[in-house]
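What follows is the content of my_file_5.txt (compact mmCIF, C-alpha atoms).
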# COMPACT_ATOMS: atom_id res chain seq x y z
CA MET A 8 -10.95 37.45 33.50
CA ASN A 9 -11.10 34.47 35.78
CA ILE A 10 -8.40 32.93 37.96
CA LYS A 11 -8.35 29.35 39.19
CA ILE A 12 -6.03 27.52 41.55
CA LEU A 13 -5.81 23.80 40.79
CA GLY A 14 -4.83 21.69 43.76
CA THR A 15 -6.03 19.13 46.24
CA GLY A 16 -5.52 21.29 49.31
CA CYS A 17 -1.82 20.75 49.99
CA VAL A 18 0.37 23.35 51.72
CA ASN A 19 1.80 24.53 48.40
CA CYS A 20 -1.70 25.04 46.99
CA ARG A 21 -2.60 27.33 49.88
CA ASN A 22 0.71 29.19 49.46
CA LEU A 23 -0.01 29.77 45.78
CA GLU A 24 -3.53 30.94 46.60
CA ALA A 25 -2.20 33.43 49.15
CA LEU A 26 0.26 34.87 46.58
CA THR A 27 -2.50 35.14 44.01
CA GLU A 28 -4.84 36.92 46.43
CA ARG A 29 -2.07 39.38 47.27
CA ALA A 30 -1.39 40.05 43.58
CA VAL A 31 -5.10 40.57 42.81
CA ALA A 32 -5.35 43.02 45.72
CA GLU A 33 -2.22 44.90 44.65
CA LEU A 34 -3.40 45.17 41.06
CA GLU A 35 -6.79 46.36 42.40
CA LEU A 36 -8.71 43.85 40.30
CA ASP A 37 -12.24 42.93 41.19
CA ILE A 38 -12.16 39.22 40.45
CA SER A 39 -12.65 36.18 42.60
CA ILE A 40 -10.30 33.23 42.75
CA THR A 41 -11.82 29.77 42.29
CA ASP A 42 -10.37 26.62 43.84
CA VAL A 43 -10.50 23.54 41.62
CA THR A 44 -10.03 20.50 43.85
CA ASP A 45 -11.66 17.70 41.88
CA ILE A 46 -9.05 15.37 40.34
CA ALA A 47 -10.92 14.92 37.05
CA ASP A 48 -11.36 18.70 36.71
CA ILE A 49 -7.68 19.31 37.49
CA MET A 50 -6.62 16.75 34.90
CA SER A 51 -8.91 18.22 32.28
CA TYR A 52 -6.43 21.12 32.16
CA GLY A 53 -3.57 18.73 31.29
CA VAL A 54 -2.13 19.17 34.79
CA MET A 55 -0.52 16.26 36.67
CA SER A 56 1.60 18.27 39.11
CA THR A 57 -0.18 20.52 41.57
CA PRO A 58 -0.52 23.33 42.41
CA ALA A 59 -1.28 25.09 39.13
CA LEU A 60 -2.35 28.63 38.32
CA VAL A 61 -4.95 29.01 35.58
CA ILE A 62 -5.81 32.43 34.14
CA ASP A 63 -8.65 32.66 31.62
CA ASP A 64 -8.53 28.87 31.23
CA GLU A 65 -4.85 28.92 30.28
CA VAL A 66 -2.40 27.07 32.55
CA VAL A 67 0.23 29.65 33.47
CA MET A 68 2.30 27.63 35.97
CA ALA A 69 2.17 24.09 37.32
CA GLY A 70 3.99 21.95 39.85
CA ARG A 71 5.60 24.71 41.88
CA VAL A 72 4.96 27.84 43.90
CA PRO A 73 6.43 30.68 41.85
CA GLY A 74 7.84 33.89 43.29
CA TYR A 75 5.37 36.67 44.04
CA ASP A 76 6.61 38.86 41.18
CA SER A 77 5.97 36.23 38.53
CA VAL A 78 2.43 35.63 39.81
CA ARG A 79 1.71 39.36 39.71
CA ASP A 80 3.25 39.77 36.26
CA ALA A 81 1.30 36.79 34.89
CA ILE A 82 -1.98 38.25 36.15
CA ALA A 83 -1.09 41.77 34.97
CA SER A 84 -0.26 40.53 31.47
CA HIS A 85 -3.78 39.05 31.17
CA THR A 86 -5.61 42.26 32.06
CA MET B 10 -6.49 5.65 26.50
CA THR B 11 -5.60 7.23 23.22
CA ASP B 12 -3.02 9.74 24.35
CA ILE B 13 -0.14 7.31 24.64
CA ASP B 14 2.35 9.20 22.56
CA ASP B 15 1.38 12.72 23.42
CA SER B 16 4.45 14.83 23.71
CA VAL B 17 5.15 17.18 26.57
CA SER B 18 7.08 19.65 24.50
CA HIS B 19 5.15 22.51 23.03
CA PRO B 20 6.98 23.79 19.96
CA GLU B 21 4.08 26.04 19.05
CA ASP B 22 4.11 27.89 22.36
CA PRO B 23 5.28 31.52 22.35
CA PRO B 24 9.03 31.37 22.87
CA ARG B 25 10.23 32.01 26.39
CA PRO B 26 13.85 32.95 26.85
CA ALA B 27 15.61 29.59 26.68
CA THR B 28 17.04 28.23 29.91
CA ARG B 29 20.74 28.78 29.98
CA ARG B 30 22.71 25.60 30.41
CA LEU B 31 24.90 27.26 33.02
CA PRO B 32 23.87 29.83 35.62
CA PRO B 33 24.90 33.45 34.96
CA PRO B 34 28.40 34.38 36.34
CA GLY B 35 27.04 36.39 39.28
CA MET B 36 24.94 33.45 40.46
CA MET B 37 27.88 31.09 39.89
CA ALA B 38 29.98 33.25 42.25
CA VAL B 39 27.24 33.09 44.89
CA PHE B 40 27.12 29.28 44.51
CA VAL B 41 30.88 28.97 45.00
CA LEU B 42 30.89 31.29 48.03
CA SER B 43 27.92 29.46 49.60
CA THR B 44 29.61 26.10 49.09
CA VAL B 45 32.79 27.34 50.78
CA ALA B 46 30.79 28.86 53.67
CA TRP B 47 28.85 25.60 54.07
CA TRP B 48 32.04 23.53 54.10
CA ILE B 49 33.69 25.79 56.69
CA ALA B 50 30.57 25.56 58.91
CA TYR B 51 30.53 21.76 58.55
CA GLN B 52 34.23 21.46 59.42
CA ALA B 53 33.95 23.93 62.32
CA ASN B 54 31.00 22.11 63.89
CA LYS B 55 32.94 19.69 66.09
CA PRO B 56 35.80 22.04 67.16
CA LEU B 57 33.20 24.72 67.99
CA TRP B 58 31.22 22.52 70.39
CA ASP B 59 34.42 20.95 71.80
CA TRP B 60 35.63 24.43 72.63
CA LEU B 61 32.31 25.65 74.02
CA ILE B 62 31.25 22.60 76.07
CA TYR B 63 34.57 21.19 77.23
CA ASP B 64 36.98 24.14 77.24
CA THR B 65 34.79 27.15 77.99
CA ILE B 66 32.07 25.94 80.32
CA HIS B 67 34.30 23.07 81.48
CA MET B 68 31.94 20.11 81.31
CA SER B 69 33.79 16.83 81.56
CA VAL B 70 34.55 14.95 78.33
CA ASP B 71 34.03 11.68 80.19
CA GLY B 72 30.94 12.78 82.11
CA ARG B 73 27.50 11.70 80.95
CA THR B 74 25.88 15.16 80.95
CA GLY B 75 28.77 16.74 79.08
CA SER B 76 28.87 14.10 76.37
CA ALA B 77 25.05 14.08 75.99
CA VAL B 78 24.91 17.91 75.64
CA HIS B 79 27.82 17.82 73.20
CA PHE B 80 26.18 15.02 71.18
CA PHE B 81 22.89 16.94 70.98
CA LEU B 82 24.40 20.25 69.81
CA TYR B 83 26.89 18.64 67.45
CA ASP B 84 24.38 16.25 65.86
CA THR B 85 21.64 18.87 65.45
CA THR B 86 24.03 21.29 63.70
CA LYS B 87 25.45 18.54 61.52
CA ILE B 88 22.09 17.17 60.40
CA VAL B 89 20.57 20.60 59.71
CA LEU B 90 23.64 21.55 57.63
CA LEU B 91 23.49 18.28 55.69
CA LEU B 92 19.75 18.57 55.08
CA ALA B 93 19.86 22.21 53.96
CA GLY B 94 22.86 21.77 51.67
CA ILE B 95 21.87 18.56 49.98
CA ILE B 96 18.12 19.24 49.66
CA PHE B 97 18.96 22.52 47.92
CA VAL B 98 21.35 20.89 45.45
CA ILE B 99 19.01 17.95 44.77
CA THR B 100 15.97 20.18 44.23
CA VAL B 101 17.82 22.42 41.76
CA LEU B 102 19.11 19.37 39.85
CA ARG B 103 15.68 17.75 39.89
CA SER B 104 14.06 20.90 38.48
CA PHE B 105 15.31 19.63 35.11
CA MET B 106 13.01 16.59 35.47
CA SER B 107 9.28 16.33 35.98
CA VAL B 108 6.60 13.70 36.51
CA GLU B 109 5.31 14.64 33.05
CA ARG B 110 8.66 13.78 31.42
CA THR B 111 8.87 10.53 33.37
CA ARG B 112 5.35 9.72 32.22
CA SER B 113 6.21 10.15 28.55
CA LEU B 114 9.41 8.09 29.04
CA LEU B 115 7.41 5.25 30.60
CA GLY B 116 4.38 5.42 28.30
CA GLY B 117 3.82 2.10 26.54
CA ARG B 118 6.88 0.48 28.18
CA ARG B 119 6.70 -3.24 28.77
CA GLU B 120 7.05 -4.80 32.19
CA GLY B 121 10.56 -5.78 33.20
CA VAL B 122 12.52 -2.99 31.52
CA GLY B 123 9.66 -0.67 32.48
CA ASN B 124 9.96 -1.61 36.17
CA VAL B 125 13.72 -0.91 36.20
CA MET B 126 13.24 2.43 34.41
CA ALA B 127 10.35 3.39 36.67
CA ALA B 128 12.33 2.71 39.85
CA GLY B 129 15.33 4.64 38.53
CA LEU B 130 13.19 7.57 37.38
CA GLY B 131 11.34 7.46 40.71
CA THR B 132 14.53 8.49 42.50
CA ILE B 133 15.34 11.47 40.25
CA THR B 134 11.85 12.80 39.48
CA PRO B 135 10.68 15.63 41.74
CA PHE B 136 7.52 14.22 43.25
CA CYS B 137 5.27 15.30 46.07
CA SER B 138 3.01 12.62 47.54
CA CYS B 139 0.21 15.20 47.29
CA SER B 140 0.41 14.68 43.50
CA ALA B 141 0.31 10.87 43.78
CA VAL B 142 -3.33 10.60 42.66
CA PRO B 143 -3.10 12.75 39.50
CA ALA B 144 0.25 11.11 38.68
CA PHE B 145 -1.25 7.63 39.03
CA ILE B 146 -4.17 8.53 36.74
CA GLY B 147 -1.84 10.24 34.26
CA PHE B 148 0.43 7.18 34.11
CA VAL B 149 -2.50 4.82 33.54
CA ALA B 150 -3.88 7.14 30.83
CA ALA B 151 -0.48 7.09 29.09
CA GLY B 152 -0.56 3.27 28.95
CA VAL B 153 2.02 2.72 31.70
CA PRO B 154 1.30 -0.78 33.09
CA LEU B 155 0.04 -1.00 36.69
CA GLY B 156 3.15 -2.83 37.94
CA VAL B 157 5.48 -0.26 36.33
CA THR B 158 3.49 2.59 37.91
CA MET B 159 3.83 0.79 41.24
CA SER B 160 7.62 0.54 40.87
CA PHE B 161 7.67 4.32 40.45
CA LEU B 162 5.38 4.93 43.42
CA ILE B 163 7.46 2.61 45.65
CA ALA B 164 10.91 3.95 44.65
CA SER B 165 9.92 7.61 44.81
CA PRO B 166 9.41 7.84 48.59
CA MET B 167 11.73 4.95 49.53
CA VAL B 168 14.89 6.31 47.94
CA ASN B 169 14.01 9.50 49.78
CA GLU B 170 16.64 12.24 49.90
CA VAL B 171 16.12 12.94 53.60
CA ALA B 172 16.62 9.28 54.51
CA VAL B 173 19.64 8.85 52.23
CA ILE B 174 21.34 12.05 53.44
CA LEU B 175 20.84 11.14 57.07
CA LEU B 176 22.13 7.60 56.54
CA TYR B 177 25.15 9.08 54.77
CA GLY B 178 25.78 11.58 57.55
CA LEU B 179 25.46 9.06 60.35
CA PHE B 180 26.70 5.76 58.91
CA GLY B 181 28.78 6.77 55.89
CA LEU B 182 28.72 6.33 52.15
CA ASP B 183 28.71 2.50 52.08
CA ILE B 184 25.51 2.21 54.08
CA ALA B 185 23.77 5.00 52.15
CA ALA B 186 24.71 3.30 48.85
CA LEU B 187 23.55 -0.07 50.15
CA TYR B 188 20.25 1.52 51.12
CA VAL B 189 19.76 3.11 47.68
CA GLY B 190 20.69 -0.13 45.87
CA SER B 191 18.46 -2.39 47.90
CA GLY B 192 15.63 0.16 47.83
CA LEU B 193 15.73 0.12 44.02
CA VAL B 194 15.72 -3.70 43.96
CA VAL B 195 12.69 -3.82 46.29
CA ALA B 196 10.85 -1.28 44.08
CA VAL B 197 11.62 -3.17 40.85
CA VAL B 198 10.72 -6.61 42.22
CA ALA B 199 7.61 -5.50 44.15
CA GLY B 200 6.25 -3.60 41.11
CA TRP B 201 7.00 -6.55 38.85
CA VAL B 202 5.19 -8.98 41.20
CA ILE B 203 2.17 -6.68 41.46
CA GLY B 204 2.12 -6.47 37.64
CA LYS B 205 2.24 -10.26 37.29
CA LEU B 206 -0.71 -10.66 39.67
CA ARG B 207 -2.96 -8.82 37.15
CA LEU B 208 -4.83 -6.77 39.72
CA GLU B 209 -6.30 -4.12 37.41
CA ARG B 210 -9.77 -5.11 38.65
CA TRP B 211 -8.82 -3.58 42.01
CA VAL B 212 -8.14 -0.17 40.52
CA GLU B 213 -11.06 2.23 40.98
CA PRO B 214 -13.00 2.32 37.68
CA PHE B 215 -13.02 6.13 37.44
CA VAL B 216 -9.23 6.02 36.91
CA PHE B 217 -9.75 4.46 33.48
CA GLU B 218 -12.40 7.03 32.59
CA THR B 219 -10.49 10.12 33.68
CA ARG B 220 -8.61 11.76 30.86
CA LEU B 221 -5.65 14.05 30.93
CA ASP B 222 -7.00 16.53 28.41
CA GLY B 223 -5.42 19.14 26.26
CA LYS B 224 -1.72 19.68 26.10
CA VAL B 225 0.12 18.14 29.03
CA VAL B 226 1.75 20.91 31.01
CA ASP B 227 5.42 20.22 31.81
CA PRO B 228 6.45 22.22 34.89
CA ALA B 229 10.15 21.70 34.09
CA ALA B 230 9.90 23.47 30.74
CA GLY B 231 11.35 26.95 30.33
CA LEU B 232 12.42 27.58 33.93
CA ASN B 233 15.22 30.08 34.42
CA TRP B 234 17.94 29.82 37.05
CA ASN B 235 16.28 32.27 39.42
CA GLU B 236 13.20 30.06 39.42
CA ARG B 237 15.25 26.91 40.01
CA VAL B 238 17.10 28.52 42.93
CA LEU B 239 13.78 29.72 44.38
CA MET B 240 12.45 26.14 44.19
CA GLY B 241 15.57 24.91 46.02
CA LYS B 242 15.15 27.46 48.81
CA GLN B 243 11.42 26.70 49.16
CA GLU B 244 12.09 22.97 49.42
CA VAL B 245 14.74 23.47 52.13
CA ALA B 246 12.32 25.67 54.10
CA ILE B 247 9.43 23.21 53.66
CA ILE B 248 11.36 20.09 54.64
CA ILE B 249 13.25 21.62 57.57
CA GLY B 250 10.04 23.32 58.72
CA LYS B 251 8.32 19.96 58.66
CA VAL B 252 10.99 17.76 60.24
CA TRP B 253 12.71 19.95 62.83
CA PRO B 254 10.47 19.05 65.82
CA PHE B 255 10.99 15.34 65.13
CA LEU B 256 14.68 15.93 64.57
CA VAL B 257 15.12 17.74 67.88
CA VAL B 258 13.13 15.11 69.83
CA GLY B 259 14.94 12.26 68.06
CA ILE B 260 18.38 13.74 68.68
CA ALA B 261 17.49 14.56 72.32
CA LEU B 262 16.37 10.96 72.93
CA GLY B 263 19.48 9.81 71.11
CA ALA B 264 21.62 12.03 73.32
CA VAL B 265 20.07 10.58 76.48
CA LEU B 266 20.58 7.01 75.29
CA HIS B 267 24.07 7.96 74.14
CA GLY B 268 24.99 9.14 77.61
CA TRP B 269 23.11 6.70 79.83
CA ALA B 270 22.10 3.46 78.09
CA PRO B 271 24.31 0.41 78.57
CA GLN B 272 26.44 -0.52 75.56
CA ASP B 273 24.59 -3.74 74.71
CA LEU B 274 21.03 -2.62 75.51
CA PHE B 275 19.60 -3.57 72.12
CA THR B 276 21.80 -6.50 71.26
CA LYS B 277 19.26 -8.87 72.74
CA TRP B 278 16.03 -7.80 71.00
CA ALA B 279 17.36 -6.08 67.91
CA GLY B 280 20.77 -7.65 67.44
CA ASN B 281 21.74 -10.33 64.98
CA GLY B 282 20.63 -13.07 67.36
CA ASN B 283 16.93 -12.19 67.42
CA PRO B 284 15.12 -13.73 64.43
CA PHE B 285 12.11 -11.40 64.88
CA GLY B 286 14.14 -8.18 65.09
CA VAL B 287 13.64 -7.19 61.42
CA LEU B 288 9.95 -8.05 61.46
CA VAL B 289 9.30 -5.94 64.56
CA ALA B 290 11.32 -3.04 63.12
CA VAL B 291 9.31 -3.10 59.85
CA LEU B 292 5.96 -3.19 61.71
CA LEU B 293 7.08 -0.33 63.97
CA GLY B 294 8.11 1.68 60.91
CA ILE B 295 4.64 1.78 59.31
CA PRO B 296 3.01 4.31 61.69
CA LEU B 297 6.22 6.36 61.97
CA TYR B 298 5.84 8.31 58.72
CA SER B 299 7.40 11.76 58.29
CA ASN B 300 9.32 11.06 61.44
CA ALA B 301 12.17 9.65 59.33
CA ALA B 302 14.26 12.64 60.35
CA GLY B 303 13.55 12.02 64.02
CA ALA B 304 13.92 8.27 63.74
CA ILE B 305 17.41 8.25 62.23
CA PRO B 306 19.31 9.95 65.07
CA LEU B 307 17.57 7.47 67.35
CA VAL B 308 18.46 4.58 65.07
CA GLU B 309 22.10 5.74 65.09
CA VAL B 310 22.17 5.23 68.84
CA LEU B 311 20.24 1.93 68.63
CA HIS B 312 22.89 0.71 66.21
CA ALA B 313 25.69 1.90 68.48
CA LYS B 314 24.03 -0.03 71.32
CA GLY B 315 23.71 -3.26 69.38
CA MET B 316 20.93 -3.04 66.76
CA ALA B 317 21.99 -4.97 63.64
CA MET B 318 22.59 -2.98 60.40
CA GLY B 319 20.08 -5.00 58.34
CA THR B 320 17.44 -4.21 60.95
CA VAL B 321 18.41 -0.51 60.79
CA LEU B 322 18.03 -0.41 56.99
CA ALA B 323 14.72 -2.33 57.02
CA PHE B 324 13.38 0.01 59.70
CA MET B 325 14.29 3.07 57.59
CA MET B 326 12.70 1.62 54.46
CA SER B 327 9.52 0.78 56.31
CA ILE B 328 9.27 4.32 57.73
CA VAL B 329 9.50 6.00 54.33
CA ALA B 330 7.95 3.43 51.95
CA LEU B 331 5.00 2.16 53.99
CA SER B 332 3.20 5.16 55.33
CA LEU B 333 -0.40 5.49 56.43
CA PRO B 334 -0.94 8.94 54.84
CA GLU B 335 0.23 7.67 51.46
CA MET B 336 -2.01 4.60 51.70
CA ILE B 337 -4.98 6.86 52.48
CA LEU B 338 -4.14 8.93 49.37
CA LEU B 339 -3.76 5.83 47.20
CA ARG B 340 -7.10 4.52 48.50
CA ARG B 341 -8.72 7.10 46.20
CA VAL B 342 -7.45 5.22 43.15
CA LEU B 343 -6.88 1.68 44.49
CA LYS B 344 -9.37 -0.63 46.14
CA LEU B 345 -8.56 -1.93 49.59
CA PRO B 346 -7.41 -5.43 48.52
CA LEU B 347 -4.82 -3.89 46.18
CA ILE B 348 -3.54 -1.67 48.99
CA GLY B 349 -3.28 -4.85 51.09
CA VAL B 350 -1.28 -6.57 48.34
CA PHE B 351 0.91 -3.46 48.00
CA VAL B 352 1.76 -3.45 51.72
CA ALA B 353 2.30 -7.22 51.78
CA VAL B 354 4.59 -7.30 48.72
CA VAL B 355 6.64 -4.22 49.67
CA GLY B 356 6.76 -5.31 53.33
CA THR B 357 8.00 -8.78 52.38
CA GLY B 358 10.68 -7.23 50.16
CA ILE B 359 11.87 -4.99 52.99
CA VAL B 360 11.90 -7.80 55.54
CA ALA B 361 13.86 -10.01 53.12
CA THR B 362 16.38 -7.19 52.56
CA GLY B 363 16.80 -6.77 56.30
CA TYR B 364 17.49 -10.48 56.90
CA MET B 365 19.83 -10.65 53.92
CA PHE B 366 21.97 -7.78 55.20
CA ASN B 367 21.94 -9.15 58.74
CA ALA B 368 23.25 -12.42 57.31
CA VAL B 369 26.03 -10.95 55.17
CA LEU B 370 27.13 -7.78 57.00
Encoding of this model in structure tokens:
Amino acid sequence: MNIKILGTGCVNCRNLEALTERAVAELELDISITDVTDIADIMSYGVMSTPALVIDDEVVMAGRVPGYDSVRDAIASHT
Amino acid sequence: MTDIDDSVSHPEDPPRPATRRLPPPGMMAVFVLSTVAWWIAYQANKPLWDWLIYDTIHMSVDGRTGSAVHFFLYDTTKIVLLLAGIIFVITVLRSFMSVERTRSLLGGRREGVGNVMAAGLGTITPFCSCSAVPAFIGFVAAGVPLGVTMSFLIASPMVNEVAVILLYGLFGLDIAALYVGSGLVVAVVAGWVIGKLRLERWVEPFVFETRLDGKVVDPAAGLNWNERVLMGKQEVAIIIGKVWPFLVVGIALGAVLHGWAPQDLFTKWAGNGNPFGVLVAVLLGIPLYSNAAGAIPLVEVLHAKGMAMGTVLAFMMSIVALSLPEMILLRRVLKLPLIGVFVAVVGTGIVATGYMFNAVL
């Protein structure tokens, strides 16, 4: 399993990353979170609105910071 | 540039529970109660501070200190209430739109009609300037002409909810409507002019090579009401968190001017009589980005002390539409000469609007 945060470093991107780190810690998963900041790479996922959460190369959410529970549930459903 | 008519709906996706058209009854009740509570707070604002400042601690209604303190407390409460209430409502409504939907609506549109649509969509599409670069590339990839994309990028920050709400709160509905209308006209005309100039050679070449691959992800698809409400709350927290220091400083300066400055202080340099007033206001507005919230309470006092309304509107437009941080972002996709043209065309439009309103109002 791999998790990526797509975003150019805006406040919302950092907020999403913090939620994701918390969820990974709570689920006791041993995976690292990768930041994708290059515009061409971000757009190769079909994403125009940042931040976006990508789990196993599938875009799970884009353009908003979801609530903590939905981040955790999204990660849990991929394990 | 082959993905012109890609769709943003994904019929083959696993079904998510469909978004209800109306919120569930429990949430509806909370909405109604919150609206009533908000309205009571808004109505109680003035009597509360009248009672506290004038009746309880007995500051004089006619005294300068009393009226300045009253102005500060009353205006701060009023603007925070307006911002919180309206940003929440606008964000929830806008969660039904997305840049991705706007992109597919504008894809392949001709100039002219495209510019009008782009400016209109720019005001209702939720858009963060941090997404300006991917949005620009996505629009170009979808075959949206450069000038039409520009109309969107001009209207989106200019018809800015914070600016419109504050104008409404401080000057009333007429002025806010005038601002929205003239902002849209500037965005349509400026985008159209930029399109006619055929400046595609000043777009960074990588823009034309970057592809939006795979299925385009539409963030507005399949959201439920809890998610929309969460987005509304987040937006209120983000905007108020960002603007409150400017707001407090702006209102404090406004309060001082309100109490102490002579009535006609600004009539001379920013009144109707000074032909350079609008020009100076527009130039001053460029470095003042994100201080829109702080600038408006100040502008309210400048207007009360003689600044002409056309100058006020031009100043506001310049603050939100011509901002250094946005130009730095756009520099990643546009070459410097095109940024120069952008500033010149939009700036000219704003200055013209300012003079026109000074002449007719």
If you take all atoms listed in the file and a cut-off of 9 Å, which residues of chain B touch chain A, and what are their nearest atom pairs and distances in Å to one decimal, in chain and number order, as a Markdown table?
| residue | atom | partner | partner_atom | distance |
| --- | --- | --- | --- | --- |
| B:Ser107 | CA | A:Ser56 | CA | 8.5 |
| B:Val108 | CA | A:Ser56 | CA | 7.3 |
| B:Glu109 | CA | A:Met55 | CA | 7.1 |
| B:Phe136 | CA | A:Ser56 | CA | 8.3 |
| B:Cys137 | CA | A:Ser56 | CA | 8.4 |
| B:Cys139 | CA | A:Cys17 | CA | 6.5 |
| B:Ser140 | CA | A:Ser56 | CA | 5.8 |
| B:Ala141 | CA | A:Ser56 | CA | 8.8 |
| B:Val142 | CA | A:Ile46 | CA | 7.8 |
| B:Pro143 | CA | A:Met55 | CA | 5.2 |
| B:Ala144 | CA | A:Met55 | CA | 5.6 |
| B:Phe145 | CA | A:Met55 | CA | 9.0 |
| B:Ile146 | CA | A:Met55 | CA | 8.5 |
| B:Gly147 | CA | A:Met55 | CA | 6.6 |
| B:Thr219 | CA | A:Ala47 | CA | 5.9 |
| B:Arg220 | CA | A:Ser51 | CA | 6.6 |
| B:Leu221 | CA | A:Met50 | CA | 4.9 |
| B:Asp222 | CA | A:Ser51 | CA | 4.6 |
| B:Gly223 | CA | A:Gly53 | CA | 5.4 |
| B:Lys224 | CA | A:Gly53 | CA | 5.6 |
| B:Val225 | CA | A:Gly53 | CA | 4.4 |
| B:Val226 | CA | A:Val54 | CA | 5.7 |
| B:Asp227 | CA | A:Ala69 | CA | 7.5 |
| B:Pro228 | CA | A:Ala69 | CA | 5.3 |
| B:Ala229 | CA | A:Gly70 | CA | 8.4 |
| B:Glu236 | CA | A:Pro73 | CA | 7.2 |
| B:Leu239 | CA | A:Gly74 | CA | 7.3 |
| B:Met240 | CA | A:Arg71 | CA | 7.4 |
| B:Gln243 | CA | A:Val72 | CA | 8.4 |
Residue among B:Ile260, B:Pro306, B:Val352, B:Met318 lying closest to Leu292 in chain B, counting all atoms listed in the file: B:Val352
Two-atom distance - CA of Arg340 in chain B, CA of Glu213 in chain B (Å):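 CA of Arg340 in chain B sits 8.8 Å away from CA of Glu213 in chain B.
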Shell around Leu34 in chain A at 9 Å using all atoms listed in the file, local window under 6 positions removed, as a list in words: Arg79, Ile82 and Ala83 of chain A
Proximity to Leu256 in chain B - best of B:Phe366, B:Phe97, B:Phe285, B:Phe81, only C-alpha atoms: B:Phe81
Length of the CA of Val342 in chain B to CA of Ile40 in chain A vector [Å]: 28.2 Å
Atomic distance CA of Phe217 in chain B - CA of Val197 in chain B, expressed in Å with one decimal: 23.9 Å
Close residues, range 35-39 of chain A itself excluded, 9 Å, only C-alpha atoms, min 2 positions apart in chain, as a list of chain:residue names: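 Result of the neighbour search: A:Met8, A:Asn9, A:Ile10, A:Lys11, A:Glu28, A:Ala30, A:Val31, A:Ala32, A:Glu33, A:Thr41, A:Thr86.
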For the residues in the current selection, export C-alpha atoms as a PDB file, keeping the file's coordinate frame.
ATOM      1  CA  MET A   8     -10.950  37.450  33.500  1.00  0.00           C
ATOM      2  CA  ASN A   9     -11.100  34.470  35.780  1.00  0.00           C
ATOM      3  CA  ILE A  10      -8.400  32.930  37.960  1.00  0.00           C
ATOM      4  CA  LYS A  11      -8.350  29.350  39.190  1.00  0.00           C
ATOM      5  CA  GLU A  28      -4.840  36.920  46.430  1.00  0.00           C
ATOM      6  CA  ALA A  30      -1.390  40.050  43.580  1.00  0.00           C
ATOM      7  CA  VAL A  31      -5.100  40.570  42.810  1.00  0.00           C
ATOM      8  CA  ALA A  32      -5.350  43.020  45.720  1.00  0.00           C
ATOM      9  CA  GLU A  33      -2.220  44.900  44.650  1.00  0.00           C
ATOM     10  CA  THR A  41     -11.820  29.770  42.290  1.00  0.00           C
ATOM     11  CA  THR A  86      -5.610  42.260  32.060  1.00  0.00           C
TER      12      THR A  86
END
Long-range neighbours of range 323-327 of chain B as a PyMOL selection string, 10 Å cut-off, only C-alpha atoms, 2 positions minimum in chain: chain B and resi 166-169+172-173+176+188-189+191-192+195+286-298+301-302+304-305+308+318-321+329-332+352+355-356+358-364+366
Pick from B:Thr134, B:Asn235, B:Ser165, B:Thr85 nearest to Leu102 in chain B, counting only C-alpha atoms: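 Of B:Thr134, B:Asn235, B:Ser165, B:Thr85, the one nearest Leu102 in chain B is B:Thr134, counting only C-alpha atoms.
Take the candidates B:Thr44, B:Thr86, B:Ser69, B:Asn283 and check each one against Gly178 in chain B using all atoms listed in the file; the shortest distance goes to B:Thr86.
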Counting only C-alpha atoms, the residue of B:Ala185, B:Asn367, B:Leu155, B:Tyr83 that sits nearest Gly123 in chain B: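 So, comparing all the options, the nearest one is B:Leu155.
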